[in-house]
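Visitor: To be precise about what I am sending: the file is called work_6.pdb and holds PDB, C-alpha atoms, pLDDT in the B column.
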```pdb
MODEL        1
ATOM      1  CA  MET A 867     158.683 -96.084-175.231  1.00 95.00           C
ATOM      2  CA  GLN A 868     160.120 -93.691-177.752  1.00 96.00           C
ATOM      3  CA  GLU A 869     161.043 -90.919-175.297  1.00 97.00           C
ATOM      4  CA  LEU A 870     163.175 -93.317-173.249  1.00 98.00           C
ATOM      5  CA  LYS A 871     164.855 -94.786-176.339  1.00 97.00           C
ATOM      6  CA  GLU A 872     165.719 -91.298-177.595  1.00 97.00           C
ATOM      7  CA  ARG A 873     167.296 -90.413-174.247  1.00 97.00           C
ATOM      8  CA  ILE A 874     169.344 -93.624-174.282  1.00 97.00           C
ATOM      9  CA  VAL A 875     170.651 -92.868-177.783  1.00 95.00           C
ATOM     10  CA  LYS A 876     171.302 -89.183-177.058  1.00 95.00           C
ATOM     11  CA  GLU A 877     172.704 -89.365-173.518  1.00 95.00           C
ATOM     12  CA  GLY A 878     173.600 -92.994-172.851  1.00 94.00           C
ATOM     13  CA  LYS A 879     177.135 -94.293-173.180  1.00 94.00           C
ATOM     14  CA  VAL A 880     178.356 -97.732-174.174  1.00 94.00           C
ATOM     15  CA  LEU A 881     181.445 -98.714-172.202  1.00 92.00           C
ATOM     16  CA  PRO A 882     183.776-101.682-172.724  1.00 87.00           C
ATOM     17  CA  GLY A 883     182.160-104.999-171.823  1.00 81.00           C
ATOM     18  CA  SER A 884     178.789-103.884-173.241  1.00 82.00           C
ATOM     19  CA  ILE A 885     178.090-101.789-170.170  1.00 87.00           C
ATOM     20  CA  ILE A 886     175.347 -99.295-170.948  1.00 93.00           C
ATOM     21  CA  LYS A 887     175.577 -96.166-168.845  1.00 93.00           C
ATOM     22  CA  VAL A 888     172.320 -94.240-168.365  1.00 95.00           C
ATOM     23  CA  ASP A 889     173.206 -92.608-165.082  1.00 94.00           C
ATOM     24  CA  GLY A 890     172.748 -89.071-166.393  1.00 94.00           C
ATOM     25  CA  PHE A 891     168.952 -89.393-166.411  1.00 96.00           C
ATOM     26  CA  LEU A 892     167.826 -92.741-164.970  1.00 96.00           C
ATOM     27  CA  ASN A 893     169.816 -94.043-162.042  1.00 92.00           C
ATOM     28  CA  HIS A 894     172.319 -91.575-160.600  1.00 93.00           C
ATOM     29  CA  ARG A 895     171.238 -88.118-161.733  1.00 95.00           C
ATOM     30  CA  VAL A 896     167.501 -88.672-162.071  1.00 96.00           C
ATOM     31  CA  ASP A 897     165.095 -86.945-164.454  1.00 97.00           C
ATOM     32  CA  THR A 898     161.913 -87.182-162.392  1.00 97.00           C
ATOM     33  CA  VAL A 899     159.716 -85.999-165.276  1.00 98.00           C
ATOM     34  CA  LEU A 900     160.994 -88.872-167.424  1.00 98.00           C
ATOM     35  CA  LEU A 901     160.411 -91.285-164.541  1.00 98.00           C
ATOM     36  CA  ASP A 902     156.850 -90.015-164.221  1.00 98.00           C
ATOM     37  CA  HIS A 903     156.340 -90.701-167.953  1.00 98.00           C
ATOM     38  CA  ILE A 904     157.720 -94.213-167.405  1.00 98.00           C
ATOM     39  CA  ALA A 905     155.208 -94.665-164.571  1.00 98.00           C
ATOM     40  CA  GLU A 906     152.391 -93.625-166.921  1.00 98.00           C
ATOM     41  CA  GLU A 907     153.612 -96.173-169.464  1.00 98.00           C
ATOM     42  CA  PHE A 908     153.614 -98.944-166.848  1.00 98.00           C
ATOM     43  CA  GLY A 909     150.008 -97.953-166.092  1.00 98.00           C
ATOM     44  CA  LYS A 910     149.139 -98.819-169.715  1.00 98.00           C
ATOM     45  CA  ARG A 911     150.810-102.228-169.458  1.00 97.00           C
ATOM     46  CA  PHE A 912     149.664-103.396-166.010  1.00 98.00           C
ATOM     47  CA  ASN A 913     146.340-103.238-164.204  1.00 97.00           C
ATOM     48  CA  MET A 914     147.428-100.886-161.453  1.00 98.00           C
ATOM     49  CA  ASP A 915     144.036-101.177-159.722  1.00 98.00           C
ATOM     50  CA  GLU A 916     144.901-104.744-158.736  1.00 98.00           C
ATOM     51  CA  VAL A 917     148.463-103.982-157.590  1.00 98.00           C
ATOM     52  CA  THR A 918     148.783-103.596-153.809  1.00 98.00           C
ATOM     53  CA  VAL A 919     152.542-103.013-153.532  1.00 98.00           C
ATOM     54  CA  ILE A 920     155.535-102.007-155.663  1.00 98.00           C
ATOM     55  CA  LEU A 921     158.753-103.960-155.017  1.00 98.00           C
ATOM     56  CA  THR A 922     162.295-103.193-156.164  1.00 98.00           C
ATOM     57  CA  ALA A 923     165.886-103.912-155.184  1.00 96.00           C
ATOM     58  CA  GLU A 924     168.308-101.571-153.492  1.00 92.00           C
ATOM     59  CA  ALA A 925     169.628 -99.155-154.762  1.00 87.00           C
ATOM     60  CA  SER A 926     169.282 -97.770-158.285  1.00 91.00           C
ATOM     61  CA  GLY A 927     165.701 -98.991-158.770  1.00 94.00           C
ATOM     62  CA  ILE A 928     164.425 -97.071-155.755  1.00 97.00           C
ATOM     63  CA  ALA A 929     163.897 -93.737-157.537  1.00 97.00           C
ATOM     64  CA  LEU A 930     161.804 -95.256-160.340  1.00 98.00           C
ATOM     65  CA  ALA A 931     159.855 -97.540-158.000  1.00 98.00           C
ATOM     66  CA  ALA A 932     159.079 -94.628-155.660  1.00 98.00           C
ATOM     67  CA  ILE A 933     157.760 -92.502-158.516  1.00 98.00           C
ATOM     68  CA  VAL A 934     155.640 -95.394-159.836  1.00 98.00           C
ATOM     69  CA  ALA A 935     154.290 -95.991-156.322  1.00 98.00           C
ATOM     70  CA  ARG A 936     153.512 -92.299-155.833  1.00 98.00           C
ATOM     71  CA  HIS A 937     151.931 -92.007-159.274  1.00 97.00           C
ATOM     72  CA  PHE A 938     149.460 -94.825-158.500  1.00 98.00           C
ATOM     73  CA  GLY A 939     149.081 -94.320-154.727  1.00 98.00           C
ATOM     74  CA  LYS A 940     150.711 -97.625-153.763  1.00 98.00           C
ATOM     75  CA  PRO A 941     153.226 -98.458-151.033  1.00 98.00           C
ATOM     76  CA  MET A 942     156.764 -99.281-152.162  1.00 98.00           C
ATOM     77  CA  ILE A 943     159.178-101.774-150.635  1.00 98.00           C
ATOM     78  CA  PHE A 944     162.811-102.188-151.567  1.00 97.00           C
ATOM     79  CA  ALA A 945     164.785-105.329-150.924  1.00 96.00           C
ATOM     80  CA  LYS A 946     167.883-104.481-148.923  1.00 93.00           C
ATOM     81  CA  LYS A 947     171.255-105.964-149.762  1.00 87.00           C
ATOM     82  CA  ALA A 948     172.477-105.970-146.158  1.00 74.00           C
ATOM     83  CA  LYS A 949     170.714-106.741-142.888  1.00 66.00           C
ATOM     84  CA  SER A 950     170.463-103.734-140.621  1.00 63.00           C
ATOM     85  CA  ASP A 951     169.755-103.713-136.894  1.00 58.00           C
ATOM     86  CA  ASN A 952     166.394-101.989-137.378  1.00 57.00           C
ATOM     87  CA  ILE A 953     164.777-104.908-139.225  1.00 61.00           C
ATOM     88  CA  GLU A 954     162.583-106.704-136.726  1.00 60.00           C
ATOM     89  CA  GLY A 955     161.092-110.132-137.075  1.00 66.00           C
ATOM     90  CA  GLY A 956     161.662-112.529-139.919  1.00 86.00           C
ATOM     91  CA  LEU A 957     163.039-111.931-143.354  1.00 92.00           C
ATOM     92  CA  TYR A 958     162.362-113.214-146.810  1.00 94.00           C
ATOM     93  CA  GLN A 959     165.644-113.611-148.600  1.00 92.00           C
ATOM     94  CA  SER A 960     167.001-114.669-151.940  1.00 94.00           C
ATOM     95  CA  ASP A 961     170.606-115.090-153.044  1.00 91.00           C
ATOM     96  CA  ILE A 962     171.521-113.675-156.443  1.00 92.00           C
ATOM     97  CA  PHE A 963     174.674-112.974-158.410  1.00 87.00           C
ATOM     98  CA  SER A 964     174.979-109.248-159.056  1.00 79.00           C
ATOM     99  CA  TYR A 965     176.094-108.476-162.605  1.00 72.00           C
ATOM    100  CA  THR A 966     176.924-104.923-161.553  1.00 70.00           C
ATOM    101  CA  TYR A 967     179.043-105.837-158.541  1.00 72.00           C
ATOM    102  CA  LYS A 968     180.298-109.228-159.838  1.00 78.00           C
ATOM    103  CA  LYS A 969     179.539-110.987-156.552  1.00 85.00           C
ATOM    104  CA  LYS A 970     176.851-112.879-154.669  1.00 91.00           C
ATOM    105  CA  VAL A 971     174.310-110.645-152.969  1.00 90.00           C
ATOM    106  CA  THR A 972     171.426-111.543-150.665  1.00 91.00           C
ATOM    107  CA  LEU A 973     168.188-109.610-151.169  1.00 94.00           C
ATOM    108  CA  LEU A 974     166.236-109.119-147.926  1.00 94.00           C
ATOM    109  CA  VAL A 975     162.637-108.031-147.293  1.00 96.00           C
ATOM    110  CA  SER A 976     161.080-107.867-143.842  1.00 93.00           C
ATOM    111  CA  LYS A 977     158.096-110.167-143.340  1.00 94.00           C
ATOM    112  CA  GLU A 978     156.446-107.164-141.700  1.00 93.00           C
ATOM    113  CA  TRP A 979     155.889-105.493-145.091  1.00 95.00           C
ATOM    114  CA  LEU A 980     155.139-108.246-147.630  1.00 97.00           C
ATOM    115  CA  HIS A 981     152.292-110.683-147.079  1.00 97.00           C
ATOM    116  CA  ALA A 982     150.271-113.476-148.610  1.00 97.00           C
ATOM    117  CA  GLY A 983     147.453-111.791-150.491  1.00 95.00           C
ATOM    118  CA  ASP A 984     149.622-108.923-151.727  1.00 98.00           C
ATOM    119  CA  LYS A 985     149.609-108.387-155.491  1.00 98.00           C
ATOM    120  CA  VAL A 986     153.092-107.261-156.364  1.00 98.00           C
ATOM    121  CA  LEU A 987     154.455-105.288-159.289  1.00 98.00           C
ATOM    122  CA  VAL A 988     158.244-105.492-159.403  1.00 98.00           C
ATOM    123  CA  VAL A 989     159.753-102.306-160.861  1.00 98.00           C
ATOM    124  CA  ASP A 990     163.377-101.713-161.749  1.00 97.00           C
ATOM    125  CA  ASP A 991     165.418 -99.295-163.794  1.00 97.00           C
ATOM    126  CA  PHE A 992     167.695-101.737-165.581  1.00 95.00           C
ATOM    127  CA  MET A 993     167.990-105.451-166.268  1.00 95.00           C
ATOM    128  CA  ALA A 994     171.154-107.193-167.414  1.00 91.00           C
ATOM    129  CA  ASN A 995     171.052-110.935-166.750  1.00 92.00           C
ATOM    130  CA  GLY A 996     167.794-110.899-164.773  1.00 94.00           C
ATOM    131  CA  GLU A 997     169.217-112.161-161.486  1.00 94.00           C
ATOM    132  CA  ALA A 998     167.824-109.308-159.380  1.00 94.00           C
ATOM    133  CA  MET A 999     164.382-109.836-160.945  1.00 96.00           C
ATOM    134  CA  ARG A1000     164.604-113.588-160.350  1.00 96.00           C
ATOM    135  CA  GLY A1001     165.510-112.920-156.717  1.00 96.00           C
ATOM    136  CA  LEU A1002     162.603-110.508-156.250  1.00 98.00           C
ATOM    137  CA  CYS A1003     160.212-113.043-157.828  1.00 98.00           C
ATOM    138  CA  ASP A1004     161.573-115.642-155.395  1.00 97.00           C
ATOM    139  CA  ILE A1005     160.820-113.328-152.456  1.00 98.00           C
ATOM    140  CA  VAL A1006     157.273-112.710-153.716  1.00 98.00           C
ATOM    141  CA  GLU A1007     156.727-116.476-153.929  1.00 97.00           C
ATOM    142  CA  LYS A1008     158.193-117.096-150.450  1.00 97.00           C
ATOM    143  CA  ALA A1009     155.782-114.486-149.048  1.00 98.00           C
ATOM    144  CA  GLY A1010     152.823-116.274-150.643  1.00 98.00           C
ATOM    145  CA  ALA A1011     152.053-113.087-152.555  1.00 98.00           C
ATOM    146  CA  GLU A1012     151.024-112.891-156.214  1.00 98.00           C
ATOM    147  CA  LEU A1013     153.371-111.502-158.849  1.00 98.00           C
ATOM    148  CA  VAL A1014     151.341-109.236-161.141  1.00 98.00           C
ATOM    149  CA  GLY A1015     154.380-108.613-163.304  1.00 98.00           C
ATOM    150  CA  ILE A1016     157.684-106.864-163.769  1.00 98.00           C
ATOM    151  CA  GLY A1017     158.061-103.371-165.204  1.00 98.00           C
ATOM    152  CA  CYS A1018     161.586-102.572-166.297  1.00 98.00           C
ATOM    153  CA  ALA A1019     162.766 -99.342-167.912  1.00 98.00           C
ATOM    154  CA  VAL A1020     165.822-100.658-169.805  1.00 98.00           C
ATOM    155  CA  GLU A1021     166.660-104.276-170.602  1.00 97.00           C
ATOM    156  CA  LYS A1022     169.846-105.596-172.174  1.00 96.00           C
ATOM    157  CA  GLY A1023     168.062-108.101-174.422  1.00 96.00           C
ATOM    158  CA  PHE A1024     171.327-109.577-175.665  1.00 95.00           C
ATOM    159  CA  GLN A1025     172.035-110.953-172.179  1.00 94.00           C
ATOM    160  CA  GLY A1026     168.869-113.059-172.174  1.00 94.00           C
ATOM    161  CA  GLY A1027     167.669-112.406-168.617  1.00 95.00           C
ATOM    162  CA  GLY A1028     164.345-110.928-169.689  1.00 97.00           C
ATOM    163  CA  ASP A1029     163.739-113.665-172.237  1.00 96.00           C
ATOM    164  CA  ARG A1030     164.347-116.353-169.575  1.00 96.00           C
ATOM    165  CA  LEU A1031     161.790-114.683-167.294  1.00 97.00           C
ATOM    166  CA  ARG A1032     159.245-114.422-170.126  1.00 97.00           C
ATOM    167  CA  GLN A1033     159.789-118.091-170.995  1.00 97.00           C
ATOM    168  CA  ALA A1034     159.092-118.918-167.334  1.00 95.00           C
ATOM    169  CA  GLY A1035     155.695-117.223-167.698  1.00 97.00           C
ATOM    170  CA  VAL A1036     156.484-113.906-166.013  1.00 97.00           C
ATOM    171  CA  ASN A1037     154.465-110.915-167.257  1.00 98.00           C
ATOM    172  CA  LEU A1038     157.495-108.743-168.032  1.00 98.00           C
ATOM    173  CA  HIS A1039     157.336-105.429-169.875  1.00 98.00           C
ATOM    174  CA  SER A1040     160.563-103.578-170.592  1.00 98.00           C
ATOM    175  CA  LEU A1041     160.156-100.169-172.176  1.00 98.00           C
ATOM    176  CA  ALA A1042     163.474-100.191-174.051  1.00 98.00           C
ATOM    177  CA  VAL A1043     165.037-103.549-174.928  1.00 98.00           C
ATOM    178  CA  ILE A1044     168.557-103.152-176.289  1.00 97.00           C
ATOM    179  CA  GLU A1045     169.518-105.920-178.720  1.00 96.00           C
ATOM    180  CA  SER A1046     173.080-104.746-179.294  1.00 94.00           C
ATOM    181  CA  ALA A1047     175.281-101.917-178.160  1.00 93.00           C
ATOM    182  CA  GLU A1048     178.633-100.564-179.191  1.00 89.00           C
ATOM    183  CA  PRO A1049     179.981 -97.028-178.932  1.00 87.00           C
ATOM    184  CA  GLY A1050     177.895 -94.787-181.175  1.00 86.00           C
ATOM    185  CA  ARG A1051     175.403 -97.521-182.101  1.00 91.00           C
ATOM    186  CA  ILE A1052     172.535 -98.865-179.997  1.00 94.00           C
ATOM    187  CA  ILE A1053     169.984-101.185-181.621  1.00 95.00           C
ATOM    188  CA  PHE A1054     166.588-101.696-179.956  1.00 97.00           C
ATOM    189  CA  ARG A1055     164.346-104.742-180.205  1.00 95.00           C
ATOM    190  CA  GLU A1056     161.163-104.011-182.099  1.00 86.00           C
ATOM    191  CA  GLU A1057     158.007-104.399-180.008  1.00 69.00           C
TER     192      GLU A1057
ENDMDL
END
```
Take the structure I supplied and represent it as structure tokens, if you would.
Guide:
Amino acid sequence: MQELKERIVKEGKVLPGSIIKVDGFLNHRVDTVLLDHIAEEFGKRFNMDEVTVILTAEASGIALAAIVARHFGKPMIFAKKAKSDNIEGGLYQSDIFSYTYKKKVTLLVSKEWLHAGDKVLVVDDFMANGEAMRGLCDIVEKAGAELVGIGCAVEKGFQGGGDRLRQAGVNLHSLAVIESAEPGRIIFREE
């Protein structure tokens, strides 16, 4: 998606440790028009008529997932990273290692909202090593639901998480796959 790649080059920052900062338009200060264009692009890559629910992980994926859900008239669920007192009934859970927070995190989804028979599109803003996506896929499987695919805005291709998911047969479409990044120079994977 050319518009997204241009924004990454123009406004993104590469920090030490190959951290790619896109928080000025994607996941802290949010450009909702850009997110709506991303939603349209996901509609070209996935059969949104068959999707029954959009799933993401707390917290930075929520804005994009909500806009995708609104754009296509679907409900959206986000996996929580901490159990709260207002979750009733059982939980689906998956343990992951968070690249961002450098610690183990447990993703939680109430059994009240995800069911066998659901056709799930996982949506997220950013993928580093793919652990959050793997955890969300695990939750979909535990629910007996069907994974339609994963739509990701930005993928750090050089970390291999997306490639591992693709090799496992997951229908993953990332709109901007970064092959390498250093200050002043971001190289994208050709589609």
Visitor: Between CA of Asp915 in chain A and CA of Val1036 in chain A, what distance in Å does the model show, to one decimal?
Guide: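 Straight-line distance from CA of Asp915 in chain A to CA of Val1036 in chain A works out to 18.9 Å.
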Visitor: Once the PyMOL selection byres ((chain A and resi 1006) around 12) has been evaluated on this model, what residues remain selected, and can you format them as a PDB file with C-alpha atoms, in the frame of the given file?
Guide:
```pdb
ATOM      1  CA  VAL A 919     152.542-103.013-153.532  1.00 98.00           C
ATOM      2  CA  ILE A 920     155.535-102.007-155.663  1.00 98.00           C
ATOM      3  CA  LEU A 921     158.753-103.960-155.017  1.00 98.00           C
ATOM      4  CA  THR A 922     162.295-103.193-156.164  1.00 98.00           C
ATOM      5  CA  ILE A 943     159.178-101.774-150.635  1.00 98.00           C
ATOM      6  CA  ALA A 945     164.785-105.329-150.924  1.00 96.00           C
ATOM      7  CA  LEU A 957     163.039-111.931-143.354  1.00 92.00           C
ATOM      8  CA  TYR A 958     162.362-113.214-146.810  1.00 94.00           C
ATOM      9  CA  GLN A 959     165.644-113.611-148.600  1.00 92.00           C
ATOM     10  CA  SER A 960     167.001-114.669-151.940  1.00 94.00           C
ATOM     11  CA  LEU A 973     168.188-109.610-151.169  1.00 94.00           C
ATOM     12  CA  LEU A 974     166.236-109.119-147.926  1.00 94.00           C
ATOM     13  CA  VAL A 975     162.637-108.031-147.293  1.00 96.00           C
ATOM     14  CA  SER A 976     161.080-107.867-143.842  1.00 93.00           C
ATOM     15  CA  LYS A 977     158.096-110.167-143.340  1.00 94.00           C
ATOM     16  CA  TRP A 979     155.889-105.493-145.091  1.00 95.00           C
ATOM     17  CA  LEU A 980     155.139-108.246-147.630  1.00 97.00           C
ATOM     18  CA  HIS A 981     152.292-110.683-147.079  1.00 97.00           C
ATOM     19  CA  ALA A 982     150.271-113.476-148.610  1.00 97.00           C
ATOM     20  CA  GLY A 983     147.453-111.791-150.491  1.00 95.00           C
ATOM     21  CA  ASP A 984     149.622-108.923-151.727  1.00 98.00           C
ATOM     22  CA  LYS A 985     149.609-108.387-155.491  1.00 98.00           C
ATOM     23  CA  VAL A 986     153.092-107.261-156.364  1.00 98.00           C
ATOM     24  CA  LEU A 987     154.455-105.288-159.289  1.00 98.00           C
ATOM     25  CA  VAL A 988     158.244-105.492-159.403  1.00 98.00           C
ATOM     26  CA  MET A 999     164.382-109.836-160.945  1.00 96.00           C
ATOM     27  CA  ARG A1000     164.604-113.588-160.350  1.00 96.00           C
ATOM     28  CA  GLY A1001     165.510-112.920-156.717  1.00 96.00           C
ATOM     29  CA  LEU A1002     162.603-110.508-156.250  1.00 98.00           C
ATOM     30  CA  CYS A1003     160.212-113.043-157.828  1.00 98.00           C
ATOM     31  CA  ASP A1004     161.573-115.642-155.395  1.00 97.00           C
ATOM     32  CA  ILE A1005     160.820-113.328-152.456  1.00 98.00           C
ATOM     33  CA  GLU A1007     156.727-116.476-153.929  1.00 97.00           C
ATOM     34  CA  LYS A1008     158.193-117.096-150.450  1.00 97.00           C
ATOM     35  CA  ALA A1009     155.782-114.486-149.048  1.00 98.00           C
ATOM     36  CA  GLY A1010     152.823-116.274-150.643  1.00 98.00           C
ATOM     37  CA  ALA A1011     152.053-113.087-152.555  1.00 98.00           C
ATOM     38  CA  GLU A1012     151.024-112.891-156.214  1.00 98.00           C
ATOM     39  CA  LEU A1013     153.371-111.502-158.849  1.00 98.00           C
ATOM     40  CA  VAL A1014     151.341-109.236-161.141  1.00 98.00           C
ATOM     41  CA  GLY A1015     154.380-108.613-163.304  1.00 98.00           C
ATOM     42  CA  ILE A1016     157.684-106.864-163.769  1.00 98.00           C
TER      43      ILE A1016
END
```
Visitor: For Cys1018 in chain A, which of A:Thr966, A:Val1043, A:Leu881, A:Glu997 is the closest residue, counting only C-alpha atoms?
Guide: A:Val1043
Visitor: Please, what distance in Å, to one decimal, runs between CA of Ala1042 in chain A and CA of Phe912 in chain A?
Guide: 16.3 Å
Visitor: Find the residue from A:Ala923, A:Ser1040, A:Gly1017, A:Thr918 that sits nearest to Pro941 in chain A; use all atoms listed in the file when measuring.
Guide: A:Thr918
Visitor: Check what the PyMOL selection byres ((chain A and resi 962) around 7) selects in the file above and give those residues as a PyMOL selection string.
Guide: chain A and resi 960-961+963-964+970-972+997-998+1001
Visitor: Around range 941-947 of chain A, with edges along x, y and z and 5 Å added on all six sides, what centre and edge lengths do you get, in Å to one decimal, as lines of an AutoDock Vina configuration file?
Guide:
```
center_x = 162.2
center_y = -102.2
center_z = -150.5
size_x = 28.0
size_y = 17.5
size_z = 13.2
```
Visitor: Do you have the CA of Arg1055 in chain A-CA of Arg1030 in chain A distance handy?
Guide: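 Answer for the CA of Arg1055 in chain A to CA of Arg1030 in chain A separation: 15.7 Å.
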Visitor: My list of candidates is A:Glu978, A:Glu1056, A:Glu1048, A:Glu872. Which is closest to Ile886 in chain A when distances are computed with all atoms listed in the file?
Guide: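 Ranked by minimum distance to Ile886 in chain A, first place goes to A:Glu1048.
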Visitor: Applying the PyMOL selection byres ((chain A and resi 871) around 9) to the file I just gave you, which residues come out? Please list them as a ChimeraX atom specification.
Guide: /A:867-870,872-876,1020,1041-1043,1054
Visitor: Could you tell me which of A:Lys887, A:Arg911, A:Lys968, A:Lys940 comes closest to Asn1037 in chain A if we count only C-alpha atoms?
Guide: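 Ranked by minimum distance to Asn1037 in chain A, first place goes to A:Arg911.
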Visitor: Pick the closest to Pro882 in chain A from A:Glu924, A:Pro1049, A:Lys1022, A:Phe944: which is it, counting all atoms listed in the file?
Guide: A:Pro1049
Visitor: Considering only C-alpha atoms, state which residue in the set A:Asp991, A:Glu1021, A:Asp1029, A:Glu1045 is at the smallest distance from Leu900 in chain A.
Guide: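 When distances to Leu900 in chain A are compared using only C-alpha atoms, the smallest one comes from A:Asp991.
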Visitor: If you count only C-alpha atoms, which residues fall within 8 Å of Gly996 in chain A, apart from same-chain ones fewer than 3 positions away, as a list of chain:residue names?
Guide: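 Non-adjacent residues within range: A:Met993, A:Met999, A:Arg1000, A:Gly1026, A:Gly1027, A:Gly1028, A:Leu1031.
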Visitor: Give me the residues near Val896 in chain A as an mmCIF file with C-alpha atoms, keeping the file's coordinate frame, where near means some atom within 12 Å (using only C-alpha atoms) and where sequence neighbours in that chain fewer than 5 positions away do not count.
Guide:
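Heads up, here's the output in part_15.cif:
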```cif
data_model
loop_
_atom_site.group_PDB
_atom_site.id
_atom_site.type_symbol
_atom_site.label_atom_id
_atom_site.label_comp_id
_atom_site.auth_asym_id
_atom_site.auth_seq_id
_atom_site.Cartn_x
_atom_site.Cartn_y
_atom_site.Cartn_z
ATOM 1 C CA VAL A 888 172.320 -94.240 -168.365
ATOM 2 C CA ASP A 889 173.206 -92.608 -165.082
ATOM 3 C CA GLY A 890 172.748 -89.071 -166.393
ATOM 4 C CA PHE A 891 168.952 -89.393 -166.411
ATOM 5 C CA LEU A 901 160.411 -91.285 -164.541
ATOM 6 C CA ASP A 902 156.850 -90.015 -164.221
ATOM 7 C CA SER A 926 169.282 -97.770 -158.285
ATOM 8 C CA GLY A 927 165.701 -98.991 -158.770
ATOM 9 C CA ILE A 928 164.425 -97.071 -155.755
ATOM 10 C CA ALA A 929 163.897 -93.737 -157.537
ATOM 11 C CA LEU A 930 161.804 -95.256 -160.340
ATOM 12 C CA ILE A 933 157.760 -92.502 -158.516
ATOM 13 C CA ASP A 991 165.418 -99.295 -163.794
#
```
